Amino acid sequence: MKKIGLIAGYGHFPLELAVSLNAAGFEVHTVAAREEADPEIEKLTTSTCWLHVGQIGGMIKAFNRAGVEQVVMAGKVRKLHLFRNFRPDFTAMKGLMRLKDRRDDSILITIAELLAEGGLTLIDQTLYAGDMLVGDGHLAGPVIKKARFADIHFGFEQAKGVAGLDIGQTIVVQKQAVLAVEAIEGTDEAIKRGGTLGSGDAAVIKVAKPNQDLRFDVPAIGPDTLEMMHTAGCTLLAVESGKTLMIERQRFFELADQYGISVYGTSA
């Protein structure tokens, strides 16, 4: 069988991607982040090596032992771990010395370079994602009134600007005013803050970065997104079509209907 490496972070995406890779005929060998990954990943892969965030050299050794040449990232490793639980090994320290700043792109590109130096090629997250990628138009939940498209178009443009600065990929808007912008605290906290500032009818807009590197940080939505939106009082979710992953699809559709949250894919 063909072998592939899976770098597993937080959430359900690593589990779904492992299933897709198995279906594509791969023998999957995983390096999982102790602080983030779901233990269920062990049931879906041939081997699993658990490492702390920052053990890049250990990751390369684990994949080399497994005979892997290509690897794919799946799931978030929250940036807060760089400040709280970071345990860099020698290889990671070497990478840190190269960094001009600690923006997401800078960190992830450096990781890709370190993997390449270890004989590993990092491939696009979307290559084997299959029907996880969302399309254009109405995706789930109630159909919105025409007036609400103004917030989608406004929010998309604003979110692209923020994403282009590598600050975050999610904003919350209402009546063409920005209520919250995602930064290091993550998507959920931005949704919570925006919903609190809104009047129960806020819209969450999530986009890819301009010139998104599909090897990492592809935007994703799932049931957790809708749970947080429902709690915060946000009723519309718009995401960039063709560049956003929908995780746990069936459960996502059920919750969108249950909570009355409208979900749309858009490219403008």
# chains A, B, ... in the order shown; residues from 1 in each chain; ligands from 1
>>> residues_around(residues="Gly57 in chain A", least_positions_apart="5", cutoff="12 Å", atoms="only C-alpha atoms", output="count of residues only")
23
>>> closest_atom_pairs(of="range 204-241 of chain A", to="range 248-252 of chain A", cutoff="8 Å", atoms="only C-alpha atoms", output="JSON lines")
{"residue": "A:Gly222", "atom": "CA", "partner": "A:Phe252", "partner_atom": "CA", "distance": 5.9}
{"residue": "A:Pro223", "atom": "CA", "partner": "A:Phe252", "partner_atom": "CA", "distance": 4.9}
{"residue": "A:Leu226", "atom": "CA", "partner": "A:Phe252", "partner_atom": "CA", "distance": 7.6}
>>> residues_around(residues="Val72 in chain A", least_positions_apart="3", cutoff="6 Å", atoms="only C-alpha atoms", output="tab-separated table (two decimals) with C-alpha atoms, in the first residue's frame")
chain	number	residue	atom	x	y	z
A	6	LEU	CA	-1.01	12.70	8.85
A	122	LEU	CA	3.79	18.62	2.75
A	123	ILE	CA	0.77	18.30	0.40
>>> select_by_dssp(residues="range 99-189 of chain A", states="alpha helix (DSSP H)", output="VMD selection string")
chain A and resid 104 to 117 149 to 164 187 to 189
>>> residues_around(residues="range 15-24 of chain A", least_positions_apart="3", cutoff="12 Å", atoms="only C-alpha atoms", output="PyMOL selection string")
chain A and resi 1-12+27-30+32+37-48+71-75+124-133+222+245-249
>>> residues_around(residues="Ala202 in chain A", least_positions_apart="4", cutoff="7 Å", atoms="only C-alpha atoms", output="PyMOL selection string")
chain A and resi 172-174+195+198+233-236
>>> residues_around(residues="range 154-166 of chain A", least_positions_apart="3", cutoff="7 Å", atoms="only C-alpha atoms", output="number ranges by chain")
A: 103-104, 150-151, 169-171, 173, 176, 205-207, 209-210, 268
>>> write_last_selection(atoms="C-alpha atoms", output="mmCIF file, in the first residue's frame")
data_model
loop_
_atom_site.group_PDB
_atom_site.id
_atom_site.type_symbol
_atom_site.label_atom_id
_atom_site.label_comp_id
_atom_site.auth_asym_id
_atom_site.auth_seq_id
_atom_site.Cartn_x
_atom_site.Cartn_y
_atom_site.Cartn_z
ATOM 1 C CA ARG A 103 2.345 35.273 12.153
ATOM 2 C CA ASP A 104 0.564 32.021 11.266
ATOM 3 C CA ALA A 150 -25.764 43.043 2.044
ATOM 4 C CA ASP A 151 -24.073 41.751 5.197
ATOM 5 C CA GLN A 169 -10.085 34.571 8.926
ATOM 6 C CA THR A 170 -13.395 35.236 10.689
ATOM 7 C CA ILE A 171 -15.348 38.403 11.429
ATOM 8 C CA VAL A 173 -20.978 41.775 11.249
ATOM 9 C CA GLN A 176 -22.768 46.396 7.564
ATOM 10 C CA ILE A 205 -18.190 35.537 7.824
ATOM 11 C CA LYS A 206 -15.286 33.126 7.336
ATOM 12 C CA VAL A 207 -12.856 33.299 4.388
ATOM 13 C CA LYS A 209 -6.542 34.179 3.033
ATOM 14 C CA PRO A 210 -5.747 35.827 -0.301
ATOM 15 C CA ALA A 268 -17.713 37.645 -3.483
#
>>> select_by_dssp(residues="range 141-233 of chain A", states="strand (DSSP E or B)", output="count of residues only")
17
>>> atom_distance(atom1="CA of Ile261 in chain A", atom2="CA of Val143 in chain A")
9.2 Å
>>> atom_distance(atom1="CA of Ala190 in chain A", atom2="CA of Val204 in chain A")
9.3 Å
>>> residues_around(residues="Thr266 in chain A", least_positions_apart="2", cutoff="7 Å", atoms="only C-alpha atoms", output="PyMOL selection string")
chain A and resi 136-137+238-241+264+268
>>> write_last_selection(atoms="C-alpha atoms", output="mmCIF file, in the first residue's frame")
data_model
loop_
_atom_site.group_PDB
_atom_site.id
_atom_site.type_symbol
_atom_site.label_atom_id
_atom_site.label_comp_id
_atom_site.auth_asym_id
_atom_site.auth_seq_id
_atom_site.Cartn_x
_atom_site.Cartn_y
_atom_site.Cartn_z
ATOM 1 C CA ASP A 136 -21.630 28.213 -3.746
ATOM 2 C CA GLY A 137 -25.070 29.438 -2.673
ATOM 3 C CA ALA A 238 -21.250 32.809 5.151
ATOM 4 C CA VAL A 239 -18.062 31.043 4.083
ATOM 5 C CA GLU A 240 -15.827 31.155 1.039
ATOM 6 C CA SER A 241 -16.940 28.533 -1.477
ATOM 7 C CA TYR A 264 -24.205 30.179 2.532
ATOM 8 C CA ALA A 268 -17.713 37.645 -3.483
#
>>> atom_distance(atom1="CA of Glu182 in chain A", atom2="CA of Met97 in chain A")
27.0 Å
>>> closest_residue(among="A:Ala147, A:Val77, A:Met229, A:Ile184", to="Glu35 in chain A", atoms="only C-alpha atoms")
A:Val77
